[in-house]
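**Q** What follows is run-v3.cif, made up of mmCIF, C-alpha atoms:
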```
data_my_file
#
loop_
_atom_site.group_PDB
_atom_site.id
_atom_site.type_symbol
_atom_site.label_atom_id
_atom_site.label_comp_id
_atom_site.auth_asym_id
_atom_site.auth_seq_id
_atom_site.Cartn_x
_atom_site.Cartn_y
_atom_site.Cartn_z
ATOM 1 C CA MET A 1 -0.429 -43.511 35.963
ATOM 2 C CA LYS A 2 0.875 -45.155 32.819
ATOM 3 C CA CYS A 3 3.318 -48.021 33.280
ATOM 4 C CA PRO A 4 6.789 -46.973 32.069
ATOM 5 C CA PHE A 5 7.777 -50.580 31.274
ATOM 6 C CA CYS A 6 4.804 -51.123 28.945
ATOM 7 C CA ASN A 7 5.981 -48.597 26.374
ATOM 8 C CA PHE A 8 9.142 -50.268 25.088
ATOM 9 C CA GLN A 9 9.607 -47.847 22.176
ATOM 10 C CA GLU A 10 9.664 -44.866 24.560
ATOM 11 C CA LEU A 11 11.798 -46.659 27.134
ATOM 12 C CA ILE A 12 14.596 -47.487 24.700
ATOM 13 C CA LYS A 13 15.083 -43.768 23.973
ATOM 14 C CA THR A 14 16.507 -43.283 27.480
ATOM 15 C CA ASN A 15 17.718 -46.753 28.518
ATOM 16 C CA GLU A 16 20.424 -48.942 27.061
ATOM 17 C CA VAL A 17 18.927 -52.166 25.758
ATOM 18 C CA ILE A 18 21.180 -55.169 26.359
ATOM 19 C CA PHE A 19 19.084 -57.567 24.267
ATOM 20 C CA THR A 20 15.516 -58.515 23.426
ATOM 21 C CA SER A 21 13.632 -61.759 22.958
ATOM 22 C CA LYS A 22 10.137 -62.575 21.766
ATOM 23 C CA ASN A 23 8.579 -61.936 25.196
ATOM 24 C CA PHE A 24 11.176 -60.034 27.244
ATOM 25 C CA TYR A 25 13.684 -57.236 27.010
ATOM 26 C CA CYS A 26 16.766 -56.569 29.064
ATOM 27 C CA ILE A 27 17.914 -53.047 29.944
ATOM 28 C CA LYS A 28 20.413 -51.374 32.246
ATOM 29 C CA ASP A 29 18.855 -50.332 35.553
ATOM 30 C CA ILE A 30 18.585 -46.528 35.825
ATOM 31 C CA LYS A 31 19.373 -46.715 39.580
ATOM 32 C CA PRO A 32 22.016 -49.463 39.667
ATOM 33 C CA ILE A 33 23.289 -50.980 42.889
ATOM 34 C CA SER A 34 26.553 -51.700 41.094
ATOM 35 C CA ARG A 35 28.051 -51.533 37.629
ATOM 36 C CA GLY A 36 26.268 -53.904 35.267
ATOM 37 C CA HIS A 37 22.931 -53.999 37.167
ATOM 38 C CA ILE A 38 20.291 -54.963 34.597
ATOM 39 C CA LEU A 39 16.570 -55.715 34.487
ATOM 40 C CA ILE A 40 14.642 -58.332 32.536
ATOM 41 C CA ILE A 41 11.128 -57.105 31.764
ATOM 42 C CA PRO A 42 8.218 -58.768 29.953
ATOM 43 C CA TYR A 43 6.704 -56.784 27.091
ATOM 44 C CA LYS A 44 3.254 -57.757 28.359
ATOM 45 C CA HIS A 45 2.062 -56.002 31.516
ATOM 46 C CA ILE A 46 2.374 -58.673 34.197
ATOM 47 C CA ARG A 47 2.534 -57.841 37.903
ATOM 48 C CA GLU A 48 4.029 -60.995 39.389
ATOM 49 C CA ILE A 49 5.864 -64.129 38.364
ATOM 50 C CA ASN A 50 2.926 -66.378 39.318
ATOM 51 C CA ALA A 51 0.871 -64.743 36.557
ATOM 52 C CA LEU A 52 3.239 -66.032 33.846
ATOM 53 C CA SER A 53 2.012 -68.874 31.676
ATOM 54 C CA SER A 54 4.222 -71.969 31.528
ATOM 55 C CA LEU A 55 5.428 -70.861 28.103
ATOM 56 C CA LEU A 56 6.387 -67.385 29.341
ATOM 57 C CA PHE A 57 7.970 -68.807 32.495
ATOM 58 C CA ASN A 58 10.197 -71.111 30.440
ATOM 59 C CA ASP A 59 11.127 -68.216 28.152
ATOM 60 C CA LEU A 60 11.939 -66.128 31.227
ATOM 61 C CA LEU A 61 14.303 -68.822 32.511
ATOM 62 C CA LEU A 62 16.080 -68.914 29.145
ATOM 63 C CA THR A 63 16.286 -65.107 29.150
ATOM 64 C CA ILE A 64 17.721 -65.100 32.691
ATOM 65 C CA LYS A 65 20.291 -67.702 31.629
ATOM 66 C CA LYS A 66 21.291 -65.595 28.604
ATOM 67 C CA ALA A 67 21.545 -62.408 30.676
ATOM 68 C CA SER A 68 23.464 -64.167 33.437
ATOM 69 C CA SER A 69 25.966 -65.549 30.916
ATOM 70 C CA HIS A 70 26.367 -62.075 29.406
ATOM 71 C CA LEU A 71 27.082 -60.534 32.824
ATOM 72 C CA LYS A 72 29.405 -63.329 33.934
ATOM 73 C CA LYS A 73 31.443 -62.950 30.746
ATOM 74 C CA LYS A 74 31.559 -59.150 30.944
ATOM 75 C CA TYR A 75 32.088 -58.700 34.718
ATOM 76 C CA LYS A 76 33.683 -62.067 35.652
ATOM 77 C CA GLN A 77 31.054 -62.676 38.335
ATOM 78 C CA THR A 78 27.849 -64.682 38.483
ATOM 79 C CA PRO A 79 25.061 -62.177 39.171
ATOM 80 C CA LEU A 80 22.689 -62.037 42.099
ATOM 81 C CA ILE A 81 19.211 -62.627 40.637
ATOM 82 C CA PHE A 82 16.068 -61.538 42.459
ATOM 83 C CA ILE A 83 12.491 -60.348 42.060
ATOM 84 C CA ASN A 84 10.861 -57.878 44.427
ATOM 85 C CA ASN A 85 7.506 -58.770 45.944
ATOM 86 C CA LYS A 86 4.792 -57.131 43.819
ATOM 87 C CA ASN A 87 3.925 -54.806 46.723
ATOM 88 C CA ASP A 88 7.557 -53.637 46.950
ATOM 89 C CA GLN A 89 8.163 -52.953 43.259
ATOM 90 C CA SER A 90 9.206 -49.433 42.303
ATOM 91 C CA VAL A 91 7.356 -49.997 39.017
ATOM 92 C CA ASN A 92 4.192 -52.104 39.159
ATOM 93 C CA HIS A 93 5.326 -54.411 36.368
ATOM 94 C CA LEU A 94 7.254 -57.654 36.805
ATOM 95 C CA HIS A 95 10.995 -57.122 36.463
ATOM 96 C CA ILE A 96 13.917 -59.309 37.428
ATOM 97 C CA HIS A 97 17.140 -57.787 38.764
ATOM 98 C CA LEU A 98 20.529 -59.230 37.837
ATOM 99 C CA ILE A 99 23.472 -57.665 39.666
ATOM 100 C CA PRO A 100 27.038 -58.815 38.918
ATOM 101 C CA LYS A 101 28.704 -58.271 42.265
ATOM 102 C CA ARG A 102 29.880 -60.296 45.233
ATOM 103 C CA PHE A 103 27.831 -59.317 48.230
ATOM 104 C CA GLY A 104 28.294 -61.928 50.928
ATOM 105 C CA ILE A 105 25.390 -62.602 53.279
ATOM 106 C CA LEU A 106 25.359 -59.182 54.959
ATOM 107 C CA GLY A 107 25.996 -57.413 51.681
ATOM 108 C CA ILE A 108 22.914 -58.940 50.052
ATOM 109 C CA ASP A 109 20.765 -57.679 52.923
ATOM 110 C CA LYS A 110 22.227 -54.187 52.543
ATOM 111 C CA ALA A 111 21.795 -54.197 48.754
ATOM 112 C CA LEU A 112 18.175 -55.304 49.004
ATOM 113 C CA ARG A 113 17.456 -52.567 51.545
ATOM 114 C CA GLU A 114 18.923 -49.976 49.143
ATOM 115 C CA ILE A 115 16.542 -51.092 46.400
ATOM 116 C CA SER A 116 13.448 -50.934 48.627
#
```
In structure tokens, write the structure found in this file.
**A**
Amino acid sequence: MKCPFCNFQELIKTNEVIFTSKNFYCIKDIKPISRGHILIIPYKHIREINALSSLLFNDLLLTIKKASSHLKKKYKQTPLIFINNKNDQSVNHLHIHLIPKRFGILGIDKALREIS
């Protein structure tokens, strides 16, 4: 099965792109937990965060910071940021979730169960 995140040009036909960088792109999640739920995805097919080079990891942190600032400004809340274990990913390609919503401790557990 072809990875849907690897074909950026096809993906942007059906998903709203929030922004792009040299190594990552940020799109709205097609199955959002709440309004504003976005994903940060590397252009390169990478399965897990430990496979990122130091250069890509640093770029990812800058991309997360940019996306988090965007969501905080737009939704007035600092987003929950998480990465599924590679065995629990709905798409076998590294992607980082940012969700601008207050969950509380029990709410985070519930939200993570909904994604699984």
**Q** Find the axis-aligned box for stretch 33-41 of chain A, covering all its listed atoms and adding 4 Å on each side, and write its centre and edge lengths in Å to one decimal as JSON.
**A**
```
{"center_x": 19.6, "center_y": -54.7, "center_z": 37.3, "size_x": 24.9, "size_y": 15.4, "size_z": 19.1}
```
**Q** Compare A:Gly36, A:Tyr25, A:Lys72, A:Val91 by their minimum atom-to-atom distance to A:Leu60, counting all atoms listed in the file, and give me the closest one.
**A**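 Checking each candidate against A:Leu60, we get A:Tyr25 as the closest.
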**Q** For a test of reading the model, state the distance in Å between atom CA of A:Tyr75 and atom CA of A:Asp59, rounded to one decimal.
**A** 23.9 Å
**Q** Report the residues retrieved by the PyMOL selection byres ((chain A and resi 17) around 6) from the displayed file, expressed as a CSV table (one decimal) with C-alpha atoms, in the coordinates of the input.
**A**
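As written to disk, part28.csv reads:
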```
chain,number,residue,atom,x,y,z
A,16,GLU,CA,20.4,-48.9,27.1
A,18,ILE,CA,21.2,-55.2,26.4
A,19,PHE,CA,19.1,-57.6,24.3
A,26,CYS,CA,16.8,-56.6,29.1
A,27,ILE,CA,17.9,-53.0,29.9
```
**Q** Take the PyMOL selection byres ((chain A and resi 34) around 9), run it mentally on this structure, and tell me the resulting residues as a ChimeraX atom specification.
**A** /A:31-33,35-37,99-101
**Q** Compile the contact shell of A:Ser68 as a PyMOL selection string: residues with an atom at most 10 Å away, counting only C-alpha atoms, same-chain residues fewer than 2 positions apart removed.
**A** chain A and resi 38+62-66+70-74+77-81+98-100
